[in-house]
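The file run-v9.csv comes next; it holds CSV, C-alpha atoms.
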chain,number,residue,atom,x,y,z
N,14,MET,CA,-55.6,-16.2,-20.9
N,15,LYS,CA,-56.2,-19.2,-18.6
N,16,ALA,CA,-53.5,-18.9,-15.9
N,17,VAL,CA,-51.0,-16.5,-14.4
N,18,LEU,CA,-47.4,-17.5,-13.6
N,19,PHE,CA,-45.1,-15.4,-11.5
N,20,ASP,CA,-41.4,-15.2,-10.8
N,21,LEU,CA,-40.9,-15.5,-7.1
N,22,ASP,CA,-38.4,-13.0,-5.5
N,23,GLY,CA,-39.2,-9.4,-6.5
N,24,THR,CA,-42.4,-10.2,-8.4
N,25,LEU,CA,-44.8,-12.2,-6.2
N,26,ILE,CA,-43.0,-12.0,-2.8
N,27,ASP,CA,-41.0,-9.2,-1.3
N,28,THR,CA,-38.0,-11.0,0.1
N,29,ALA,CA,-35.4,-8.3,0.0
N,30,ALA,CA,-35.6,-7.3,3.7
N,31,ASP,CA,-34.5,-10.7,4.9
N,32,PHE,CA,-31.6,-10.7,2.4
N,33,ILE,CA,-30.6,-7.3,3.5
N,34,ARG,CA,-30.7,-8.4,7.1
N,35,ILE,CA,-28.4,-11.4,6.4
N,36,ILE,CA,-25.9,-9.6,4.2
N,37,GLN,CA,-25.5,-6.8,6.7
N,38,GLN,CA,-25.1,-9.4,9.5
N,39,MET,CA,-22.3,-11.0,7.5
N,40,CYS,CA,-20.7,-7.6,7.0
N,41,ARG,CA,-20.8,-7.0,10.8
N,42,GLU,CA,-19.3,-10.4,11.5
N,43,GLU,CA,-16.5,-9.7,9.1
N,44,GLY,CA,-15.9,-6.2,10.3
N,45,ARG,CA,-16.7,-4.8,6.9
N,46,ALA,CA,-18.7,-1.7,5.9
N,47,LEU,CA,-22.4,-2.3,5.6
N,48,ILE,CA,-23.7,-2.7,2.1
N,49,GLU,CA,-26.5,-0.2,1.3
N,50,PRO,CA,-29.9,-1.9,1.3
N,51,GLU,CA,-30.9,-0.5,-2.1
N,52,LEU,CA,-27.7,-2.1,-3.7
N,53,ILE,CA,-28.5,-5.5,-2.1
N,54,ARG,CA,-32.1,-5.2,-3.4
N,55,THR,CA,-30.8,-4.8,-7.0
N,56,GLN,CA,-28.9,-8.0,-6.7
N,57,VAL,CA,-31.6,-10.2,-5.2
N,58,SER,CA,-32.8,-11.5,-8.7
N,59,GLU,CA,-29.2,-12.3,-9.6
N,60,GLY,CA,-29.1,-14.9,-6.8
N,61,ALA,CA,-27.0,-15.8,-3.8
N,62,ARG,CA,-23.6,-15.5,-5.5
N,63,ALA,CA,-24.3,-11.9,-6.5
N,64,MET,CA,-25.4,-10.9,-3.0
N,65,VAL,CA,-22.5,-12.6,-1.3
N,66,LYS,CA,-20.1,-11.0,-3.9
N,67,LEU,CA,-21.1,-7.6,-2.5
N,68,VAL,CA,-19.6,-8.6,0.8
N,69,TYR,CA,-16.5,-10.3,-0.6
N,70,PRO,CA,-15.7,-8.5,-3.9
N,71,GLU,CA,-12.1,-9.6,-3.8
N,72,LEU,CA,-13.0,-13.4,-4.0
N,73,GLN,CA,-13.6,-15.3,-7.2
N,74,LEU,CA,-16.9,-17.0,-7.5
N,75,GLU,CA,-15.4,-20.5,-7.6
N,76,ASP,CA,-12.9,-19.8,-4.8
N,77,PRO,CA,-13.5,-22.4,-2.1
N,78,VAL,CA,-13.6,-19.6,0.5
N,79,PHE,CA,-16.3,-17.8,-1.4
N,80,LEU,CA,-18.3,-21.0,-1.8
N,81,GLN,CA,-18.1,-21.4,2.0
N,82,HIS,CA,-19.5,-17.9,2.5
N,83,ARG,CA,-22.2,-18.6,0.0
N,84,GLN,CA,-23.2,-21.7,1.8
N,85,ARG,CA,-23.2,-19.9,5.1
N,86,PHE,CA,-25.5,-17.2,3.6
N,87,LEU,CA,-27.9,-19.9,2.3
N,88,ASP,CA,-27.9,-21.7,5.7
N,89,MET,CA,-28.7,-18.4,7.5
N,90,TYR,CA,-31.5,-17.6,5.0
N,91,GLY,CA,-33.0,-21.1,5.2
N,92,ALA,CA,-33.0,-21.0,9.0
N,93,ASP,CA,-35.0,-17.7,9.1
N,94,ILE,CA,-36.6,-17.5,5.7
N,95,ALA,CA,-39.6,-15.3,6.3
N,96,VAL,CA,-38.7,-13.0,9.2
N,97,ASP,CA,-39.5,-9.8,7.3
N,98,THR,CA,-40.8,-11.3,4.1
N,99,ASP,CA,-44.4,-11.2,2.7
N,100,LEU,CA,-46.2,-10.9,-0.5
N,101,PHE,CA,-46.0,-7.4,-2.1
N,102,ASP,CA,-48.6,-5.1,-0.9
N,103,GLY,CA,-51.7,-5.6,-2.9
N,104,MET,CA,-50.8,-9.1,-4.1
N,105,TYR,CA,-53.2,-10.9,-1.7
N,106,PRO,CA,-56.3,-9.4,-3.3
N,107,LEU,CA,-55.0,-10.3,-6.7
N,108,LEU,CA,-54.4,-14.0,-5.8
N,109,GLU,CA,-57.8,-14.2,-4.0
N,110,GLN,CA,-59.6,-12.9,-7.1
N,111,LEU,CA,-57.8,-15.4,-9.3
N,112,GLU,CA,-58.7,-18.2,-6.9
N,113,ALA,CA,-62.3,-17.0,-6.6
N,114,GLN,CA,-62.7,-17.4,-10.4
N,115,ASP,CA,-60.9,-20.8,-10.5
N,116,ILE,CA,-58.0,-19.3,-12.5
N,117,PRO,CA,-54.8,-21.2,-11.5
N,118,TRP,CA,-51.7,-19.2,-10.5
N,119,GLY,CA,-48.2,-20.6,-10.2
N,120,ILE,CA,-44.5,-19.9,-9.9
N,121,VAL,CA,-41.5,-20.4,-12.2
N,122,THR,CA,-38.3,-19.5,-10.4
N,123,ASN,CA,-34.6,-19.9,-10.5
N,124,LYS,CA,-34.7,-20.2,-6.7
N,125,PRO,CA,-33.7,-23.7,-5.4
N,126,ARG,CA,-36.7,-25.9,-4.6
N,127,TRP,CA,-35.8,-26.4,-0.9
N,128,LEU,CA,-35.9,-22.6,-0.4
N,129,SER,CA,-38.9,-22.0,-2.6
N,130,GLU,CA,-40.9,-24.7,-0.8
N,131,ALA,CA,-39.9,-23.4,2.6
N,132,LEU,CA,-40.8,-19.9,1.7
N,133,LEU,CA,-44.2,-20.9,0.4
N,134,GLN,CA,-44.9,-23.0,3.4
N,135,ALA,CA,-43.9,-20.1,5.8
N,136,LEU,CA,-46.4,-17.8,4.0
N,137,ASN,CA,-49.2,-20.5,3.8
N,138,LEU,CA,-49.1,-20.5,0.0
N,139,SER,CA,-48.1,-24.1,-0.6
N,140,GLU,CA,-51.7,-25.4,-1.1
N,141,ARG,CA,-52.8,-22.3,-3.0
N,142,CYS,CA,-50.0,-22.4,-5.6
N,143,ALA,CA,-51.1,-24.6,-8.6
N,144,VAL,CA,-47.6,-25.2,-9.9
N,145,LEU,CA,-44.0,-24.6,-8.8
N,146,VAL,CA,-41.2,-25.0,-11.3
N,147,CYS,CA,-37.6,-24.7,-9.9
N,148,PRO,CA,-34.1,-25.3,-11.4
N,149,GLU,CA,-34.0,-28.9,-10.2
N,150,ASP,CA,-37.1,-29.7,-12.4
N,151,VAL,CA,-35.4,-28.8,-15.7
N,152,THR,CA,-32.2,-29.2,-17.6
N,153,ARG,CA,-32.1,-25.5,-18.7
N,154,THR,CA,-33.3,-22.7,-16.5
N,155,LYS,CA,-34.6,-19.2,-17.4
N,156,PRO,CA,-34.0,-17.5,-19.8
N,157,ASP,CA,-34.5,-20.8,-21.6
N,158,PRO,CA,-38.3,-21.5,-22.1
N,159,GLU,CA,-38.1,-25.1,-20.8
N,160,PRO,CA,-39.4,-24.1,-17.3
N,161,MET,CA,-42.3,-22.2,-18.9
N,162,TYR,CA,-43.3,-25.2,-21.0
N,163,LEU,CA,-43.1,-27.5,-18.0
N,164,ALA,CA,-45.3,-25.2,-15.9
N,165,ALA,CA,-47.9,-25.0,-18.7
N,166,LYS,CA,-47.8,-28.8,-19.1
N,167,GLN,CA,-48.4,-29.3,-15.4
N,168,LEU,CA,-51.4,-27.0,-15.7
N,169,ASN,CA,-52.7,-28.9,-18.7
N,170,LEU,CA,-52.5,-25.7,-20.7
N,171,ALA,CA,-50.7,-24.5,-23.8
N,172,ALA,CA,-47.9,-22.1,-23.0
N,173,GLU,CA,-49.5,-19.3,-25.0
N,174,ASP,CA,-52.5,-19.5,-22.7
N,175,CYS,CA,-50.4,-18.5,-19.6
N,176,ILE,CA,-49.3,-15.0,-18.7
N,177,TYR,CA,-45.8,-14.7,-17.1
N,178,VAL,CA,-44.9,-11.8,-14.7
N,179,GLY,CA,-41.2,-11.2,-13.9
N,180,ASP,CA,-38.7,-8.5,-12.8
N,181,HIS,CA,-35.6,-9.6,-14.7
N,182,PRO,CA,-34.8,-9.7,-18.4
N,183,ARG,CA,-34.4,-13.5,-18.2
N,184,ASP,CA,-38.0,-13.7,-17.1
N,185,ILE,CA,-39.2,-11.8,-20.0
N,186,ASP,CA,-37.0,-13.7,-22.4
N,187,ALA,CA,-38.2,-17.0,-21.1
N,188,GLY,CA,-41.8,-16.0,-21.4
N,189,ARG,CA,-41.3,-14.6,-24.9
N,190,HIS,CA,-39.5,-17.7,-26.1
N,191,ALA,CA,-42.4,-19.8,-24.9
N,192,LYS,CA,-44.9,-17.5,-26.7
N,193,MET,CA,-46.4,-16.4,-23.4
N,194,PRO,CA,-47.7,-12.8,-23.0
N,195,THR,CA,-45.2,-11.2,-20.6
N,196,ILE,CA,-45.5,-8.5,-17.9
N,197,LEU,CA,-42.5,-6.7,-16.6
N,198,ALA,CA,-42.9,-6.0,-12.8
N,199,ALA,CA,-41.1,-2.7,-12.6
N,200,TYR,CA,-41.8,-2.5,-8.9
N,201,GLY,CA,-39.5,-5.5,-8.3
N,202,TYR,CA,-35.7,-5.9,-7.9
N,203,LEU,CA,-34.6,-4.5,-11.3
N,204,PRO,CA,-30.9,-5.3,-11.9
N,205,LEU,CA,-28.8,-2.1,-12.1
N,206,GLN,CA,-27.5,-2.8,-15.6
N,207,TYR,CA,-31.0,-3.2,-17.1
N,208,LYS,CA,-33.2,-0.8,-15.2
N,209,ASP,CA,-32.7,2.4,-17.3
N,210,ASP,CA,-34.3,1.1,-20.5
N,211,LEU,CA,-37.3,-1.1,-19.6
N,212,ASN,CA,-38.6,-1.0,-23.2
N,213,ALA,CA,-35.5,-2.9,-24.3
N,214,TRP,CA,-36.7,-5.9,-22.4
N,215,GLN,CA,-39.5,-6.3,-25.0
N,216,ALA,CA,-42.2,-7.2,-22.5
N,217,ASP,CA,-45.8,-7.0,-23.7
N,218,HIS,CA,-46.7,-4.9,-20.8
N,219,ILE,CA,-44.9,-2.9,-18.0
N,220,VAL,CA,-46.4,-2.2,-14.6
N,221,HIS,CA,-45.0,-0.1,-11.9
N,222,THR,CA,-47.2,-1.1,-8.9
N,223,VAL,CA,-49.0,-4.2,-7.8
N,224,PRO,CA,-52.4,-2.4,-8.1
N,225,GLU,CA,-51.5,-1.6,-11.7
N,226,LEU,CA,-50.7,-5.3,-12.2
N,227,HIS,CA,-54.0,-6.3,-10.7
N,228,GLN,CA,-55.8,-3.9,-13.0
N,229,LEU,CA,-54.0,-5.3,-16.1
N,230,ILE,CA,-54.7,-8.9,-15.1
N,231,GLN,CA,-58.3,-7.9,-14.5
N,232,THR,CA,-58.4,-6.8,-18.2
N,233,LEU,CA,-56.4,-9.7,-19.7
N,234,VAL,CA,-57.6,-12.6,-17.6
N,235,LEU,CA,-60.4,-12.0,-15.1
N,236,LYS,CA,-62.9,-10.1,-17.3
N,237,GLN,CA,-62.3,-12.5,-20.2
N,238,HIS,CA,-62.9,-15.4,-17.9
N,239,THR,CA,-66.1,-13.9,-16.6
N,240,ALA,CA,-67.4,-13.3,-20.1
N,241,VAL,CA,-66.7,-16.9,-21.2
N,242,SER,CA,-68.3,-18.2,-18.0
How does this structure look as structure tokens?
Amino acid sequence: MKAVLFDLDGTLIDTAADFIRIIQQMCREEGRALIEPELIRTQVSEGARAMVKLVYPELQLEDPVFLQHRQRFLDMYGADIAVDTDLFDGMYPLLEQLEAQDIPWGIVTNKPRWLSEALLQALNLSERCAVLVCPEDVTRTKPDPEPMYLAAKQLNLAAEDCIYVGDHPRDIDAGRHAKMPTILAAYGYLPLQYKDDLNAWQADHIVHTVPELHQLIQTLVLKQHTAVS
């Protein structure tokens, strides 16, 4: 394995606290009951529509009023994108070790580019990230393998030489379809409807903590790289 690719929200970066803050603020402004933080967390990987739908369950997704609320949510998030956001605990040492051994790491996400770039810049990761693939870069997003192939191409690697780490079935499906070894990040924002049977995702590996992920990558990538060097 010659590179490590991550999903963004819920895998590399713990963004849930800022989404919880904004959704609950919207609830207060509308005079609605506060949504439980854990429920919001399970919807983060489903995107802005799913989180906003928690506040306005009576509205259809294509309703102009719903779309206005969604845009307001995105504007609020973009204005304060990393108030309570940081890498998952233990992720910094993993990235530092990859970088120390000249192993590129990157991101393949369904998060819009303008938000992804703003988030990476806020966390001083822009220059460290070797590749960033967002929905605007492809015609078909995850679970289609197109973003995975593009990321590998930009790294000048074959897709099967890259590991992909994600916390949603579409992440694992995209990686598998691209013949990438996949790691299910069970510490992430697992969707409610999929979290009870993780084996059904058909990931090559499952990890429940970032230190466990670090240890696995140490085995799959770092030790192998050291031996070759």
Open item on the list: Quick one: residues within 7 Å of range 54-70 of chain N, all atoms listed in the file, excluding same-chain residues fewer than 2 positions away - as a list in words?
Closed with: Asp22, Ala29, Cys40, Pro50, Glu51, Leu52, Leu72, Arg83, His181, Tyr202, Leu203, Pro204 and Leu205 of chain N
TODO: With a distance cut-off of 10 Å and all atoms listed in the file, select the neighbouring residues of range 182-186 of chain N, excluding the residue or stretch itself and same-chain residues fewer than 4 positions from it, and output the selection as a PyMOL selection string.
DONE: chain N and resi 19-20+58+121-123+154-158+161+177-178+190-198+203-204+207-208+211+213-217
Open item on the list: Can you measure CA of Ile219 in chain N to CA of Asp150 in chain N for me? One decimal in Å is fine.
Closed with: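 Distance between the two atoms: 28.5 Å.
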TODO: Figure out the distance between CA of Gln206 in chain N and CA of Gly23 in chain N, please, to one decimal in Å.
DONE: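 Pair CA of Gly23 in chain N / CA of Gln206 in chain N returns 16.2 Å.
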TODO: Rank N:Ile48, N:Arg189, N:Glu140, N:Ile116 by their smallest atom-to-atom distance to Tyr162 in chain N, using only C-alpha atoms, and report the top residue only.
DONE: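 Closest candidate: N:Arg189.
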Open item on the list: Using Å and a single decimal, report how far CA of Arg126 in chain N sits from CA of Cys147 in chain N.
Closed with: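 Calculated distance between CA of Cys147 in chain N and CA of Arg126 in chain N is 5.5 Å.
Compared by their closest atoms to Glu225 in chain N, and using all atoms listed in the file, the residues N:Thr28, N:Trp118, N:Asp102, N:Tyr90 rank with N:Asp102 nearest.
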Task: Protein and nucleic acid residues near (-51.2, -9.2, -6.1) (cut-off 8 Å, all atoms listed in the file) as a PyMOL selection string - done: chain N and resi 25+100-108+223-224+226-227
Written selection (C-alpha atoms) as a short mmCIF file (atom, residue, chain, number, x, y, z; two decimals), in the frame of the given file:
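File written: result_4.cif
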data_model
loop_
_atom_site.label_atom_id
_atom_site.label_comp_id
_atom_site.auth_asym_id
_atom_site.auth_seq_id
_atom_site.Cartn_x
_atom_site.Cartn_y
_atom_site.Cartn_z
CA LEU N 25 -44.80 -12.20 -6.20
CA LEU N 100 -46.20 -10.90 -0.50
CA PHE N 101 -46.00 -7.40 -2.10
CA ASP N 102 -48.60 -5.10 -0.90
CA GLY N 103 -51.70 -5.60 -2.90
CA MET N 104 -50.80 -9.10 -4.10
CA TYR N 105 -53.20 -10.90 -1.70
CA PRO N 106 -56.30 -9.40 -3.30
CA LEU N 107 -55.00 -10.30 -6.70
CA LEU N 108 -54.40 -14.00 -5.80
CA VAL N 223 -49.00 -4.20 -7.80
CA PRO N 224 -52.40 -2.40 -8.10
CA LEU N 226 -50.70 -5.30 -12.20
CA HIS N 227 -54.00 -6.30 -10.70
#
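In this comparison, which uses all atoms listed in the file, the residue of N:Leu233, N:Ala92, N:Leu80, N:Leu74 approaching His218 in chain N most closely is N:Leu233.
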Open item on the list: Here is a test: counting all atoms listed in the file, which residue of N:Glu49, N:Asp99, N:Glu149, N:Asp174 is nearest to Trp127 in chain N?
Closed with: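 Checking each candidate against Trp127 in chain N, we get N:Glu149 as the closest.
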Task: Among listed residues N:Cys175, N:Ile230, N:Ala135, N:Leu145, nearest Lys15 in chain N (using all atoms listed in the file) - done: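 Ranking N:Cys175, N:Ile230, N:Ala135, N:Leu145 by distance to Lys15 in chain N, first place goes to N:Cys175.
With all atoms listed in the file as the atoms that count, the minimum distance from Ile26 in chain N to the choices N:Gln84, N:Glu109, N:Ala165, N:Ala95 is reached by N:Ala95.
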